[in-house]
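Text of my_file01.txt, listed as compact mmCIF, C-alpha atoms:
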# COMPACT_ATOMS: atom_id res chain seq x y z
CA MET A 4 95.05 71.48 67.38
CA LEU A 5 98.09 69.44 68.41
CA ALA A 6 101.71 70.58 68.88
CA LEU A 7 104.82 68.46 69.36
CA ILE A 8 107.61 70.21 71.27
CA THR A 9 111.13 68.85 71.74
CA GLY A 10 113.25 70.04 74.63
CA ALA A 11 110.02 70.67 76.52
CA SER A 12 111.30 69.97 80.03
CA SER A 13 112.70 73.45 80.67
CA GLY A 14 113.28 76.95 79.36
CA ILE A 15 111.73 78.15 76.12
CA GLY A 16 110.28 74.74 75.27
CA ARG A 17 108.47 74.49 78.58
CA ASP A 18 107.11 78.00 78.23
CA MET A 19 105.97 77.35 74.66
CA ALA A 20 104.00 74.40 76.03
CA ARG A 21 102.36 76.70 78.56
CA VAL A 22 101.56 79.30 75.90
CA LEU A 23 100.02 76.77 73.53
CA ALA A 24 98.08 75.09 76.32
CA GLY A 25 96.66 78.49 77.23
CA MET A 26 95.46 78.76 73.63
CA GLY A 27 93.73 75.38 73.87
CA TRP A 28 96.30 73.30 71.98
CA ASP A 29 96.84 69.66 72.93
CA LEU A 30 100.49 68.74 73.37
CA ILE A 31 103.10 66.05 72.83
CA LEU A 32 106.11 66.89 74.98
CA VAL A 33 109.51 65.34 74.25
CA ALA A 34 112.62 65.43 76.44
CA ARG A 35 115.01 63.16 78.32
CA ARG A 36 113.91 64.08 81.85
CA LYS A 37 110.72 62.19 82.63
CA GLU A 38 110.16 63.81 86.02
CA ARG A 39 110.25 67.30 84.48
CA LEU A 40 107.77 66.24 81.78
CA GLU A 41 105.46 64.66 84.35
CA GLU A 42 105.58 67.84 86.40
CA LEU A 43 104.66 69.97 83.38
CA LYS A 44 101.90 67.57 82.38
CA GLY A 45 100.45 67.84 85.88
CA GLU A 46 100.40 71.62 85.49
CA LEU A 47 98.65 71.67 82.09
CA THR A 48 95.44 69.92 83.07
CA ALA A 49 93.12 71.89 80.76
CA VAL A 50 94.44 70.14 77.63
CA SER A 51 95.51 66.66 76.58
CA VAL A 52 99.24 66.11 77.17
CA GLN A 53 101.28 63.12 76.00
CA ILE A 54 104.89 62.78 77.10
CA ILE A 55 107.68 60.94 75.29
CA CYS A 56 111.05 60.41 76.94
CA ALA A 57 113.70 60.34 74.23
CA ASP A 58 117.40 61.05 73.83
CA LEU A 59 117.55 63.04 70.62
CA GLU A 60 121.31 62.57 70.33
CA ARG A 61 120.38 59.23 68.75
CA ASP A 62 118.95 58.97 65.24
CA ASP A 63 116.83 55.96 66.18
CA GLU A 64 115.24 57.91 69.02
CA CYS A 65 114.34 60.75 66.65
CA ARG A 66 112.72 58.27 64.29
CA ARG A 67 110.93 56.62 67.22
CA VAL A 68 109.40 59.97 68.19
CA TYR A 69 108.09 60.33 64.65
CA GLU A 70 106.74 56.79 64.49
CA LEU A 71 104.92 57.27 67.79
CA THR A 72 103.27 60.49 66.63
CA LYS A 73 102.90 60.38 62.85
CA ASP A 74 99.29 59.19 63.03
CA SER A 75 98.29 61.75 65.68
CA SER A 76 97.57 64.59 63.22
CA VAL A 77 100.28 66.88 64.55
CA ASP A 78 99.60 70.49 63.47
CA MET A 79 102.80 72.11 64.76
CA LEU A 80 106.34 70.83 65.26
CA VAL A 81 108.58 72.86 67.55
CA ASN A 82 112.24 71.82 67.27
CA ASN A 83 113.52 73.36 70.48
CA ALA A 84 115.96 70.75 71.84
CA GLY A 85 119.56 71.92 71.88
CA PHE A 86 122.50 73.01 74.03
CA GLY A 87 125.78 74.92 73.87
CA LEU A 88 129.42 74.46 74.86
CA ALA A 89 131.90 77.24 75.54
CA GLY A 90 135.67 77.23 75.20
CA GLU A 91 138.44 77.37 72.61
CA PHE A 92 137.99 74.81 69.84
CA VAL A 93 141.36 73.19 70.60
CA ASP A 94 140.28 72.60 74.21
CA THR A 95 136.59 71.65 74.08
CA ASP A 96 135.62 68.01 74.40
CA LEU A 97 135.09 66.33 71.00
CA ASP A 98 132.45 63.86 72.20
CA ARG A 99 130.46 66.67 73.79
CA GLU A 100 130.68 68.67 70.55
CA LEU A 101 129.50 65.71 68.49
CA ALA A 102 126.59 65.24 70.88
CA MET A 103 125.74 68.93 70.38
CA ILE A 104 125.79 68.50 66.61
CA ASP A 105 123.54 65.46 66.95
CA VAL A 106 120.95 67.37 68.98
CA ASN A 107 121.20 70.85 67.46
CA ILE A 108 121.46 69.70 63.83
CA ARG A 109 120.77 66.01 63.19
CA ALA A 110 117.69 65.69 65.40
CA LEU A 111 116.19 68.90 64.04
CA HIS A 112 116.97 67.85 60.47
CA ILE A 113 115.42 64.39 60.88
CA LEU A 114 112.21 65.62 62.51
CA THR A 115 111.84 68.54 60.09
CA LYS A 116 112.30 66.22 57.11
CA LEU A 117 109.80 63.62 58.32
CA PHE A 118 107.10 66.03 59.45
CA VAL A 119 107.35 68.50 56.56
CA ARG A 120 106.61 65.67 54.13
CA ASP A 121 103.40 64.91 56.02
CA PHE A 122 102.50 68.59 56.29
CA VAL A 123 103.03 69.13 52.55
CA ALA A 124 100.88 66.08 51.77
CA HIS A 125 98.04 67.64 53.81
CA ASP A 126 98.91 71.23 52.76
CA SER A 127 98.80 72.40 56.36
CA GLY A 128 101.02 72.55 59.40
CA ILE A 129 103.64 74.74 61.04
CA ILE A 130 107.29 74.06 61.87
CA LEU A 131 109.08 76.32 64.35
CA ASN A 132 112.84 75.74 64.52
CA VAL A 133 114.69 77.31 67.43
CA ALA A 134 118.03 78.81 66.39
CA SER A 135 119.67 81.90 67.91
CA SER A 136 121.02 85.29 66.99
CA ALA A 137 124.24 83.26 66.81
CA GLY A 138 122.91 81.89 63.54
CA PHE A 139 123.77 85.16 61.79
CA MET A 140 127.51 85.11 62.56
CA SER A 141 130.57 83.14 63.62
CA GLY A 142 131.32 82.66 67.30
CA PRO A 143 134.88 82.23 68.52
CA LEU A 144 134.83 80.50 71.95
CA LEU A 145 131.39 79.07 71.10
CA SER A 146 132.36 77.95 67.61
CA THR A 147 130.43 74.69 67.26
CA TYR A 148 127.29 76.12 68.86
CA TYR A 149 127.28 79.13 66.53
CA ALA A 150 127.93 76.90 63.52
CA SER A 151 125.02 74.65 64.48
CA LYS A 152 122.65 77.59 64.70
CA ASN A 153 123.84 78.87 61.30
CA TYR A 154 122.75 75.49 59.94
CA VAL A 155 119.31 75.77 61.54
CA LEU A 156 118.77 79.29 60.21
CA ARG A 157 119.89 78.59 56.64
CA LEU A 158 118.07 75.26 56.41
CA THR A 159 114.83 76.88 57.54
CA GLU A 160 115.19 79.76 55.08
CA ALA A 161 115.79 77.35 52.19
CA ILE A 162 112.79 75.18 53.05
CA HIS A 163 110.64 78.30 53.38
CA GLU A 164 111.50 79.36 49.84
CA GLU A 165 110.83 75.89 48.46
CA LEU A 166 107.43 75.83 50.15
CA ARG A 167 106.63 79.33 48.88
CA ARG A 168 107.37 78.32 45.31
CA ARG A 169 105.12 75.28 45.69
CA GLY A 170 102.28 77.55 46.75
CA SER A 171 102.13 75.50 49.93
CA HIS A 172 100.14 76.57 52.97
CA VAL A 173 102.70 74.93 55.26
CA GLY A 174 104.52 77.46 57.43
CA ILE A 175 108.11 77.22 58.63
CA SER A 176 109.73 79.74 60.96
CA VAL A 177 113.03 80.12 62.78
CA LEU A 178 113.36 81.72 66.21
CA CYS A 179 116.59 83.73 66.62
CA PRO A 180 116.70 85.28 70.09
CA GLY A 181 119.68 86.77 71.82
CA PRO A 182 120.29 85.91 75.49
CA VAL A 183 117.25 84.37 77.20
CA ASN A 184 116.99 83.62 80.91
CA THR A 185 117.05 79.79 80.78
CA GLU A 186 119.35 76.93 81.82
CA PHE A 187 121.43 77.47 78.64
CA ASP A 188 124.14 79.52 80.31
CA ARG A 189 124.64 76.92 83.05
CA VAL A 190 124.85 74.02 80.58
CA ALA A 191 127.14 75.92 78.19
CA ASP A 192 129.16 77.31 81.14
CA VAL A 193 128.81 80.95 80.10
CA ARG A 194 127.65 84.12 81.84
CA PHE A 195 125.98 86.64 79.55
CA SER A 196 127.32 90.18 79.64
CA VAL A 197 123.97 91.62 78.54
CA LYS A 198 120.66 91.11 80.25
CA GLY A 199 118.54 88.33 78.73
CA ILE A 200 114.85 88.54 77.95
CA SER A 201 112.44 86.35 79.86
CA SER A 202 111.79 82.87 78.57
CA GLU A 203 108.05 83.45 78.92
CA TYR A 204 108.11 86.52 76.69
CA CYS A 205 110.33 84.81 74.12
CA ALA A 206 108.03 81.78 73.96
CA ARG A 207 104.84 83.81 73.61
CA TYR A 208 106.30 86.09 70.93
CA ALA A 209 107.67 83.12 68.99
CA ILE A 210 104.36 81.24 68.99
CA GLN A 211 102.42 84.32 67.92
CA GLN A 212 104.78 84.99 65.02
CA ALA A 213 104.96 81.34 63.93
CA LEU A 214 101.15 81.20 63.75
CA ARG A 215 101.41 84.17 61.37
CA HIS A 216 103.97 82.26 59.26
CA ARG A 217 106.71 84.82 59.94
CA LEU A 218 109.98 83.40 58.60
CA ILE A 219 112.59 84.93 60.94
CA ILE A 220 111.48 85.66 64.49
CA ILE A 221 113.67 87.96 66.61
CA PRO A 222 111.94 88.84 69.91
CA SER A 223 114.24 91.69 70.96
CA LEU A 224 114.66 95.17 69.50
CA MET A 225 118.29 95.22 70.58
CA MET A 226 119.00 91.98 68.71
CA LYS A 227 117.12 93.21 65.63
CA ALA A 228 119.26 96.34 65.60
CA GLY A 229 122.49 94.41 66.17
CA ILE A 230 121.75 91.95 63.37
CA ALA A 231 120.86 94.77 60.98
CA LEU A 232 124.06 96.69 61.80
CA ARG A 233 126.34 93.68 61.20
CA HIS A 234 126.32 94.53 57.48
CA LEU A 235 128.17 97.75 58.25
CA VAL A 236 131.20 95.95 59.70
CA SER A 237 133.75 93.76 57.92
CA GLU A 238 133.77 90.02 58.57
CA ARG A 239 137.21 90.24 60.20
CA MET A 240 136.03 92.97 62.54
CA LEU A 241 132.90 90.97 63.39
CA LEU A 242 135.07 88.00 64.35
CA ARG A 243 137.19 90.15 66.65
CA MET A 244 134.13 91.73 68.24
CA SER A 245 132.51 88.34 68.69
CA TYR A 246 135.64 86.92 70.31
CA ASN A 247 135.86 89.79 72.79
CA PHE A 248 132.14 89.49 73.55
CA GLN A 249 132.41 85.74 74.21
CA ARG A 250 135.55 86.25 76.33
CA ARG A 251 133.68 88.68 78.58
CA LYS A 252 130.86 86.16 78.93
CA ASN A 253 133.26 83.42 80.02
CA ARG A 254 135.08 85.39 82.67
Could you show the structure in this file as structure tokens?
Amino acid sequence: MLALITGASSGIGRDMARVLAGMGWDLILVARRKERLEELKGELTAVSVQIICADLERDDECRRVYELTKDSSVDMLVNNAGFGLAGEFVDTDLDRELAMIDVNIRALHILTKLFVRDFVAHDSGIILNVASSAGFMSGPLLSTYYASKNYVLRLTEAIHEELRRRGSHVGISVLCPGPVNTEFDRVADVRFSVKGISSEYCARYAIQQALRHRLIIIPSLMMKAGIALRHLVSERMLLRMSYNFQRRKNR
């Protein structure tokens, strides 16, 4: 079995690589930081590991990743690459936001589109898209990040239903964790006001559930409860609560 993981140089992506390697999966690891990928490859000596350095902000780089791997019989695609940016929408840097959209949305969309066609043709394969609990709501002070994760969640759900109606054996799942102890908070310049779960636990839970073709994967009871309870509150109240929550994180 062979898995391709984007954003594999750190955090959840790195730990998913470790989990899958422990299960005997060969790996294709994609990220910008070659030294981090080389370090991880040196750690995972029990399986075959190929590394691809690519900047997924660029469409041509996304397509290059596919062209390099399309004949490798990839069994699982993990779209994990992504980042966040905190601040009021009027103040945040436009170029940085566009780069976030390119990575969080465009890269995931391109790779999902290209690989799902191959998977459907062979009637096998798994896609695991990494979103966030942010995908279920709007996020003042993290507006573009939340919007990007809404896209990932809704796209994955729609594809899942299309595959179901085809009678396809291809699985597609979306991971929607709350805070996870990774580099995300440093890159996004936020400090979480609630304790995050470990990246290792999140990765292991996500892989287990994706292999079972679970559509929505939420690896925290607290997040499951919070998402379920959002239906009891008006949209306006949710926006106010979200704003206050993000403001506490940014202090």
One number please: CA of Val173 in chain A to CA of His125 in chain A, in Å, one decimal.
8.8 Å
From the options A:Leu156, A:Leu114, A:Leu32, A:Ile219, which residue's atoms come nearest to Asn82 in chain A, counting only C-alpha atoms?
A:Leu114
Which value, in Å to one decimal, gives the distance between CA of Pro182 in chain A and CA of Val106 in chain A?
19.7 Å
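For the pair CA of Gln212 in chain A and CA of Leu145 in chain A, the interatomic distance is 27.9 Å.
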Could you give me, as a ChimeraX atom specification, the residues within 12 Å of Glu164 in chain A, counting only C-alpha atoms and dropping anything in the same chain fewer than 3 positions from it?
/A:157-161,167-171,173-176,218
Excluding Gly90 in chain A and its own-chain neighbours fewer than 3 positions away, which residues fall within 7 Å of it when counting all atoms listed in the file? Please give them as a PyMOL selection string.
chain A and resi 94-95+144-145
Shell around range 51-61 of chain A at 7 Å using all atoms listed in the file, local window under 3 positions removed, as number ranges by chain:
A: 29-37, 40, 44, 64-65, 102, 105-106, 110
Of the candidates A:Asn132, A:Thr147, A:Asn153, A:Asn247, which one gets nearest to Ala213 in chain A if we count all atoms listed in the file?
A:Asn132
Find the residues near Ala20 in chain A: any atom within 12 Å, counting all atoms listed in the file, skip ones fewer than 5 places away on the same chain, and give them as number ranges by chain.
A: 5-15, 25-33, 40, 43-44, 46-48, 50-54, 79-81, 83, 202-203, 206-207, 209-210
Using all atoms listed in the file: which of A:Cys205, A:Cys179, A:Met19, A:Leu214 has the shortest distance to Ser127 in chain A
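The answer is A:Leu214, which sits nearest to Ser127 in chain A.
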Report as JSON the centre and the edge lengths, in Å to one decimal, of the axis-aligned box holding every listed atom of range 31-50 of chain A, padded by 6 Å on each side.
{"center_x": 104.1, "center_y": 67.0, "center_z": 79.6, "size_x": 33.9, "size_y": 21.7, "size_z": 25.6}
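The smallest atom-to-atom distance between Ser141 in chain A and any of A:Leu88, A:Ile221, A:Pro180, A:Glu238, using all atoms listed in the file, is found for A:Glu238.
The smallest atom-to-atom distance between Tyr69 in chain A and any of A:Ile108, A:Leu101, A:Leu117, A:Val22, using only C-alpha atoms, is found for A:Leu117.
Nearest to Gly142 in chain A of all the residues A:Arg39, A:His172, A:Arg239, A:Lys116 is A:Arg239, counting only C-alpha atoms.
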